[in-house]
Structures are given as structure tokens and as C-alpha cells.
file work22.txt (compact mmCIF, C-alpha atoms and all ligand atoms)
# COMPACT_ATOMS: atom_id res chain seq x y z
CA MET A 1 202.45 32.45 91.70
CA SER A 2 205.14 34.28 89.78
CA PHE A 3 205.47 31.66 87.11
CA GLN A 4 203.12 29.23 85.43
CA ILE A 5 203.42 25.63 84.37
CA PHE A 6 201.09 24.16 81.75
CA LEU A 7 200.87 20.42 81.16
CA GLY A 8 198.91 18.43 78.62
CA SER A 9 198.95 16.15 75.62
CA GLY A 10 199.94 16.39 71.98
CA GLY A 11 196.48 15.87 70.46
CA THR A 12 193.39 14.73 72.33
CA PRO A 13 194.10 12.53 75.38
CA ILE A 14 193.85 8.77 74.76
CA SER A 15 191.07 8.52 77.34
CA THR A 16 188.86 11.00 75.42
CA PRO A 17 185.50 9.35 74.58
CA ASP A 18 185.56 10.59 70.96
CA SER A 19 188.22 12.11 68.77
CA SER A 20 186.94 15.70 68.47
CA THR A 21 189.19 18.53 69.57
CA GLN A 22 186.43 19.88 71.83
CA SER A 23 186.09 16.54 73.63
CA GLY A 24 189.87 16.49 74.00
CA ILE A 25 189.86 19.88 75.71
CA LYS A 26 187.07 18.80 78.07
CA GLN A 27 189.02 15.66 78.91
CA ILE A 28 192.18 17.68 79.63
CA ALA A 29 190.23 19.82 82.11
CA LYS A 30 188.55 16.75 83.65
CA LEU A 31 191.96 15.14 84.21
CA GLY A 32 193.19 18.24 86.03
CA LEU A 33 195.58 19.24 83.24
CA ASN A 34 195.76 22.68 81.68
CA ALA A 35 197.23 22.51 78.15
CA MET A 36 196.69 20.78 74.84
CA GLU A 37 198.46 20.93 71.50
CA VAL A 38 196.04 20.76 68.59
CA GLU A 39 197.54 18.57 65.87
CA PHE A 40 197.31 19.68 62.25
CA VAL A 41 200.06 17.18 61.47
CA ARG A 42 198.16 15.55 58.59
CA GLY A 43 196.81 18.79 57.18
CA VAL A 44 194.94 21.90 58.32
CA LYS A 45 191.40 20.61 57.99
CA MET A 46 189.73 22.50 60.84
CA SER A 47 187.27 25.20 59.72
CA ALA A 48 187.50 28.78 60.97
CA VAL A 49 184.16 28.34 62.75
CA THR A 50 185.33 25.23 64.59
CA ALA A 51 188.60 26.94 65.50
CA ARG A 52 186.67 29.76 67.21
CA GLU A 53 184.45 27.25 69.05
CA VAL A 54 187.51 25.33 70.20
CA GLY A 55 189.08 28.59 71.42
CA ASN A 56 185.98 29.63 73.38
CA LEU A 57 185.76 26.24 75.08
CA ALA A 58 189.47 26.23 75.95
CA SER A 59 189.37 29.68 77.50
CA GLU A 60 186.22 28.77 79.45
CA LEU A 61 187.93 25.67 80.86
CA GLY A 62 191.32 27.33 81.41
CA VAL A 63 193.17 25.11 78.92
CA ARG A 64 196.16 26.72 77.20
CA LEU A 65 196.34 25.82 73.52
CA SER A 66 199.18 25.52 71.06
CA ALA A 67 199.11 23.88 67.64
CA HIS A 68 201.36 21.69 65.50
CA ALA A 69 201.71 22.42 61.77
CA PRO A 70 201.61 19.58 59.17
CA TYR A 71 204.64 17.29 59.00
CA TYR A 72 204.79 17.69 55.24
CA ILE A 73 206.85 20.89 55.24
CA ASN A 74 210.32 21.61 53.87
CA LEU A 75 211.31 25.25 53.64
CA LEU A 76 214.68 24.28 52.12
CA SER A 77 213.42 22.09 49.31
CA ASP A 78 215.01 22.82 45.92
CA ASP A 79 211.51 22.49 44.47
CA ALA A 80 210.01 25.99 44.69
CA ALA A 81 206.47 24.57 44.65
CA ILE A 82 207.18 22.58 47.82
CA VAL A 83 208.58 25.68 49.57
CA LYS A 84 205.52 27.67 48.56
CA ALA A 85 203.11 24.96 49.76
CA SER A 86 205.11 24.63 53.00
CA LYS A 87 204.76 28.33 53.73
CA GLN A 88 201.03 28.11 53.08
CA ARG A 89 200.65 25.14 55.45
CA ILE A 90 202.43 27.13 58.16
CA LEU A 91 200.28 30.23 57.54
CA ASP A 92 197.07 28.15 57.54
CA SER A 93 198.12 26.61 60.87
CA ILE A 94 198.84 30.08 62.27
CA ASP A 95 195.46 31.33 61.06
CA ARG A 96 193.52 28.55 62.83
CA ALA A 97 195.76 28.87 65.90
CA ASP A 98 194.92 32.58 66.03
CA LYS A 99 191.19 31.82 65.85
CA MET A 100 191.60 29.26 68.65
CA GLY A 101 193.51 31.74 70.81
CA ALA A 102 196.54 29.44 70.72
CA ASP A 103 199.82 31.24 71.21
CA THR A 104 202.30 29.19 69.18
CA VAL A 105 202.51 26.81 66.25
CA ALA A 106 205.20 24.11 66.29
CA VAL A 107 206.85 23.58 62.90
CA HIS A 108 209.28 20.91 61.62
CA ALA A 109 210.88 23.45 59.31
CA ALA A 110 213.28 21.79 56.89
CA TYR A 111 215.92 19.29 55.76
CA TYR A 112 219.39 20.53 54.81
CA GLY A 113 219.35 18.51 51.60
CA LYS A 114 222.38 19.47 49.52
CA ASN A 115 222.83 22.77 51.37
CA THR A 116 225.80 23.44 53.61
CA PRO A 117 224.68 24.56 57.10
CA GLU A 118 225.46 28.15 56.08
CA GLU A 119 223.42 27.95 52.88
CA ALA A 120 220.60 26.34 54.83
CA GLN A 121 220.62 29.15 57.39
CA ASN A 122 220.47 31.78 54.62
CA GLY A 123 217.65 29.90 52.90
CA MET A 124 215.74 29.72 56.16
CA LYS A 125 216.18 33.47 56.68
CA ASP A 126 214.61 34.15 53.28
CA SER A 127 211.67 31.82 53.89
CA VAL A 128 211.04 32.98 57.44
CA ALA A 129 211.27 36.66 56.39
CA ASP A 130 208.45 36.01 53.94
CA ILE A 131 206.35 34.14 56.51
CA VAL A 132 206.88 36.88 59.13
CA ASP A 133 205.83 39.57 56.62
CA ARG A 134 202.61 37.70 55.94
CA MET A 135 202.03 37.11 59.68
CA LYS A 136 202.34 40.88 60.21
CA GLU A 137 199.92 41.62 57.35
CA SER A 138 197.36 39.31 58.92
CA GLY A 139 197.76 40.96 62.33
CA THR A 140 198.06 37.59 64.08
CA LYS A 141 199.12 37.35 67.72
CA VAL A 142 200.44 33.82 67.17
CA ILE A 143 204.19 33.27 67.21
CA LEU A 144 206.09 30.85 65.01
CA GLY A 145 207.63 28.00 66.99
CA LEU A 146 210.45 26.32 65.12
CA GLU A 147 210.99 22.91 66.64
CA THR A 148 214.39 21.59 67.71
CA MET A 149 214.84 18.49 65.56
CA ALA A 150 216.40 15.11 66.34
CA LYS A 151 218.13 14.04 63.14
CA GLY A 152 221.37 15.38 61.72
CA ALA A 153 219.70 15.74 58.29
CA GLN A 154 217.08 18.12 59.72
CA TRP A 155 217.56 21.87 60.06
CA GLY A 156 216.74 22.91 63.62
CA THR A 157 219.44 23.06 66.25
CA LEU A 158 218.81 25.46 69.13
CA ASP A 159 221.63 27.69 67.80
CA GLU A 160 220.04 27.91 64.36
CA ILE A 161 216.62 28.75 65.77
CA LEU A 162 217.93 31.33 68.26
CA ASP A 163 219.81 32.98 65.39
CA LEU A 164 216.45 33.61 63.70
CA HIS A 165 214.87 34.69 67.00
CA LYS A 166 217.50 37.46 67.26
CA ARG A 167 216.13 38.90 64.03
CA TRP A 168 212.43 38.31 64.63
CA LYS A 169 210.97 38.16 68.14
CA VAL A 170 207.88 36.43 66.72
CA VAL A 171 210.06 33.43 65.85
CA VAL A 172 210.89 31.27 68.87
CA PRO A 173 212.28 27.81 69.57
CA TYR A 174 209.62 25.16 70.23
CA LEU A 175 211.78 22.84 72.27
CA ASP A 176 211.55 19.11 71.93
CA TRP A 177 213.61 17.83 74.86
CA CYS A 178 213.66 14.30 73.48
CA HIS A 179 214.91 15.54 70.09
CA ILE A 180 217.72 17.53 71.70
CA TRP A 181 218.74 14.46 73.71
CA ALA A 182 218.74 12.24 70.60
CA ARG A 183 220.61 14.76 68.43
CA ASN A 184 223.33 15.04 71.11
CA ASN A 185 223.27 11.23 71.23
CA GLY A 186 222.42 10.99 74.88
CA SER A 187 223.15 14.26 76.61
CA ILE A 188 221.24 17.37 77.56
CA ASP A 189 221.96 20.37 79.75
CA TYR A 190 218.54 21.61 80.88
CA ALA A 191 220.03 24.43 82.94
CA GLU A 192 222.06 25.81 80.07
CA ILE A 193 219.13 25.65 77.64
CA LEU A 194 216.71 27.40 80.03
CA ASP A 195 219.32 30.07 80.77
CA ARG A 196 219.88 30.71 77.07
CA LEU A 197 216.16 31.13 76.45
CA HIS A 198 215.88 33.49 79.41
CA LYS A 199 218.81 35.55 78.11
CA ALA A 200 217.19 35.68 74.67
CA GLY A 201 214.18 37.35 76.32
CA ILE A 202 211.79 34.42 75.90
CA LYS A 203 209.15 34.79 78.61
CA HIS A 204 207.35 31.49 78.10
CA VAL A 205 208.97 28.23 77.00
CA ASN A 206 206.93 25.97 74.71
CA SER A 207 208.08 22.37 74.65
CA HIS A 208 207.47 18.68 74.01
CA PHE A 209 208.62 15.89 76.29
CA SER A 210 208.91 12.14 76.03
CA ASN A 211 211.68 9.61 76.50
CA SER A 212 213.86 8.52 73.59
CA LYS A 213 214.53 4.92 72.59
CA TYR A 214 218.12 3.64 72.62
CA ASN A 215 219.35 1.27 69.92
CA SER A 216 221.99 -0.94 71.50
CA ASN A 217 223.17 -2.25 68.10
CA THR A 218 223.93 1.15 66.58
CA LYS A 219 224.62 2.72 70.01
CA LYS A 220 222.38 5.60 68.99
CA TRP A 221 219.54 7.38 70.73
CA GLN A 222 216.61 7.51 68.34
CA ASP A 223 213.78 9.79 67.36
CA ILE A 224 211.38 7.18 68.75
CA HIS A 225 209.22 8.23 71.67
CA VAL A 226 208.72 5.92 74.65
CA PRO A 227 206.93 6.52 77.98
CA MET A 228 208.61 8.56 80.67
CA GLY A 229 210.72 6.73 83.20
CA LEU A 230 211.48 3.76 80.93
CA SER A 231 214.41 5.54 79.33
CA ARG A 232 216.06 8.98 79.08
CA PRO A 233 216.17 11.98 79.25
CA LYS A 234 215.16 12.33 82.89
CA PHE A 235 212.09 14.42 83.56
CA ASP A 236 212.72 15.15 87.24
CA GLU A 237 215.95 16.99 86.37
CA LEU A 238 214.04 19.22 83.93
CA ALA A 239 211.32 19.85 86.54
CA ASN A 240 213.98 20.81 89.08
CA GLU A 241 215.59 23.35 86.77
CA VAL A 242 212.21 24.83 85.82
CA VAL A 243 211.14 25.33 89.44
CA LYS A 244 214.57 26.58 90.50
CA ARG A 245 214.44 29.29 87.80
CA LYS A 246 210.70 29.98 88.17
CA ALA A 247 210.50 29.55 84.39
CA SER A 248 207.04 29.72 82.82
CA ILE A 249 206.68 26.71 80.58
CA THR A 250 204.27 24.51 78.66
CA ILE A 251 205.27 20.85 78.47
CA ILE A 252 203.28 18.80 75.99
CA SER A 253 203.57 15.05 76.42
CA GLU A 254 204.41 13.26 73.17
CA SER A 255 204.78 9.94 74.92
CA PRO A 256 202.80 6.92 73.62
CA VAL A 257 200.74 7.12 76.83
CA LEU A 258 200.15 10.89 76.41
CA GLU A 259 198.14 12.12 79.41
CA VAL A 260 199.36 9.36 81.74
CA ASP A 261 202.80 10.97 81.52
CA SER A 262 201.33 14.49 81.83
CA LEU A 263 199.79 13.42 85.13
CA ARG A 264 203.13 11.98 86.25
CA MET A 265 204.76 15.30 85.37
CA LYS A 266 202.11 17.07 87.43
CA ARG A 267 202.89 14.94 90.49
CA ILE A 268 206.61 15.61 90.08
CA PHE A 269 206.05 19.39 89.97
CA GLU A 270 203.71 19.20 92.98
CA LYS A 271 206.37 17.32 94.94
CA LEU A 272 208.70 20.22 94.19
CA GLY A 273 206.18 22.57 95.78
CA TYR A 274 204.49 23.96 92.68
CA LYS A 275 200.72 24.47 93.07
CA PHE A 276 198.50 24.13 90.03
CA GLY A 277 195.37 26.31 89.95
CA LYS A 278 191.78 25.18 90.56
ZN ZN A 301 206.94 18.12 66.38

call {"tool": "encode", "arguments": {"input": "work22.txt", "output": "C-alpha cells"}}
result
Amino acid sequence: MSFQIFLGSGGTPISTPDSSTQSGIKQIAKLGLNAMEVEFVRGVKMSAVTAREVGNLASELGVRLSAHAPYYINLLSDDAAIVKASKQRILDSIDRADKMGADTVAVHAAYYGKNTPEEAQNGMKDSVADIVDRMKESGTKVILGLETMAKGAQWGTLDEILDLHKRWKVVVPYLDWCHIWARNNGSIDYAEILDRLHKAGIKHVNSHFSNSKYNSNTKKWQDIHVPMGLSRPKFDELANEVVKRKASITIISESPVLEVDSLRMKRIFEKLGYKFGK
């Protein structure tokens, strides 16, 4: 197969008998899935020893790992202490990801605050330059995945992230399809996005998928995740574009029913003729 599709859950699957990361990875393999995102969203508490054990288990079972940095990060804060702590949280996540053999860390990078978009972009360049320097010093193989964000107050449009990718190949977009849909208030062009990533030289797309909740009072699509098929954006259209382009991709389910939707995604890809290994 010339391209590879990886599907799994954000965090351990709901059906996992206990909450350990190792049990989560075993459950992913048992379900016939092949990816999991390890969540450091409430802090990087995993020890280096555990991270290595998790990595060994995942490679044994053929589960591709990525990680998610803590939510409490703002690289554009006007409080220098917050920026410093944010960088450290990202670097700690990258360190554990490296020990797990994960390839990417998803990061909710920043809020514009009082910055104009231009000031924000310059501020991000300074912060990311520093993080990239320290990644190089550590010799990590992990790449920094800046997530596409849903809210207008959050830094993180695809344009902004690709602008940083031009400068540093180790900085890539970590797509959240639901966030892009919500930020555009109910539209997405999967084909255009996949083409842009391909043109930017990105060989493997890391992403999150769930449906977004619509608020009929405000007429706004929200950053609230609901199960696939109950709302939008449509998954089958994404699957079509992926298979048509033979794009290698990881799609992490962030739906409230996690692995149930990953298994639905798997069936949709199989219907399109894609064969998963094993
Ligand atoms: Zn995220």
C-alpha cells in the first residue's frame, strides 16, 4: 500500500478496563485500530520510564502514537512567566513523546490577546524559534504540531501555522477538522486543505476529527464535539479526498464516543477500498 491510514482515539478508549496508557494501547489493538493520542492535557505527569514502556508496547502492537500537550499554554501571554512555563510544558511533552516513539505533539499554542494578527505572528515566531532551538539541542525526532483552533480569539489558522512551517520543517499543522469547520462557521474544503499540505511537503497529516455542535439561537457552529453523523462536518467527504489523493494520515477521534467513531471511520475507509493491515 502506497499510503497509510491510522485511526484511533484521543486518550485511552472508553471501553478500556482501566485508565492506564498501556491498557489503552492494548485496547486499541484489540479493537482493530492502529493509533492513539496520549493526553498530557492536564499536565505532563508521565515518568520517563513509563514513557519508554508505553513506546515499547505500542511498537510491539503496531499502534502509532502521538501526544497532546497541556491545555494551559499561551505563547502570546503578556506575562513572561506564563510564556516561559508554556514553552516548558511543550518541551516536556516533546521529551515524553520522544521516549514513547510518538512522532508529533499537538499544541493549543496561544490567544491573540491585545495583539494584532501581525504582532501575534511575530510573537509566535520568537517563541517557536526558541522552542525549535531547544528541540534541536535535545536531538528529538518529534515534530511540533500546532493545532488549528476553532475560536476567533485563538491564534492558529492554517495560514498562520503554514507560515511557520515554511521557516521550520519541524513545525507542522496538527489539523482539527472540527475546529476548522467551526472557525469558518460551517464550511470546509477538504480537498484544498490536503492539497496545500501536500504542496508544503508534509508527508503525513496528523489530525483530529469529531462533529461540531450548531447553536440555532446564535446561528454559530461551536467548539463543542458531538458524535460523527449527528452533525457536521461530514466524514465520508474527508475519507473520499484522502483515498483519492493517497494521502497518509492519522485521524484521532475526539468525539464523545471516541473509539466507536474510530471504528465507523474504519468501515468508511474499507468501503472505499482501503485495506488496513493485520
Ligand atoms: Zn487539541

call {"tool": "closest_atom_pairs", "arguments": {"input": "work22.txt", "of": "chain A", "to": "ligand ZN 301 (chain A)", "cutoff": "7 Å", "atoms": "all atoms listed in the file", "output": "CSV"}}
result
residue,atom,partner,partner_atom,distance
A:His68,CA,A:ZN301,ZN,6.7
A:Ala106,CA,A:ZN301,ZN,6.2
A:Val107,CA,A:ZN301,ZN,6.5
A:His108,CA,A:ZN301,ZN,6.0
A:Glu147,CA,A:ZN301,ZN,6.3

call {"tool": "closest_residue", "arguments": {"input": "work22.txt", "among": "A:Lys244, A:Leu65, A:Glu60, A:Leu197", "to": "A:Thr12", "atoms": "only C-alpha atoms"}}
result
A:Leu65

call {"tool": "closest_residue", "arguments": {"input": "work22.txt", "among": "A:Pro70, A:Lys234, A:Gly229, A:Ala200", "to": "A:Ile188", "atoms": "all atoms listed in the file"}}
result
A:Lys234

call {"tool": "residues_near_point", "arguments": {"input": "work22.txt", "point": "(215.9, 23.8, 53.2)", "cutoff": "6 Å", "atoms": "only C-alpha atoms", "output": "list in words"}}
result
Leu75, Leu76, Ser77, Ala110, Tyr111, Tyr112 and Ala120 of chain A

call {"tool": "atom_distance", "arguments": {"input": "work22.txt", "atom1": "atom CA of A:Arg167", "atom2": "atom CA of A:Ser248"}}
result
22.8 Å

call {"tool": "atom_distance", "arguments": {"input": "work22.txt", "atom1": "atom CA of A:Leu175", "atom2": "atom CA of A:Ser93"}}
result
18.2 Å

call {"tool": "atom_distance", "arguments": {"input": "work22.txt", "atom1": "atom CA of A:Ile14", "atom2": "atom CA of A:Leu91"}}
result
28.3 Å

call {"tool": "residues_around", "arguments": {"input": "work22.txt", "residues": "A:Val242", "least_positions_apart": "5", "cutoff": "9 Å", "atoms": "all atoms listed in the file", "output": "list in words"}}
result
Ile5, Tyr190, Ala191, Leu194, Glu237, Ala247, Ser248 and Ile249 of chain A

call {"tool": "closest_residue", "arguments": {"input": "work22.txt", "among": "A:Val260, A:Met135, A:Ala150, A:Leu272", "to": "A:Trp221", "atoms": "only C-alpha atoms"}}
result
A:Ala150
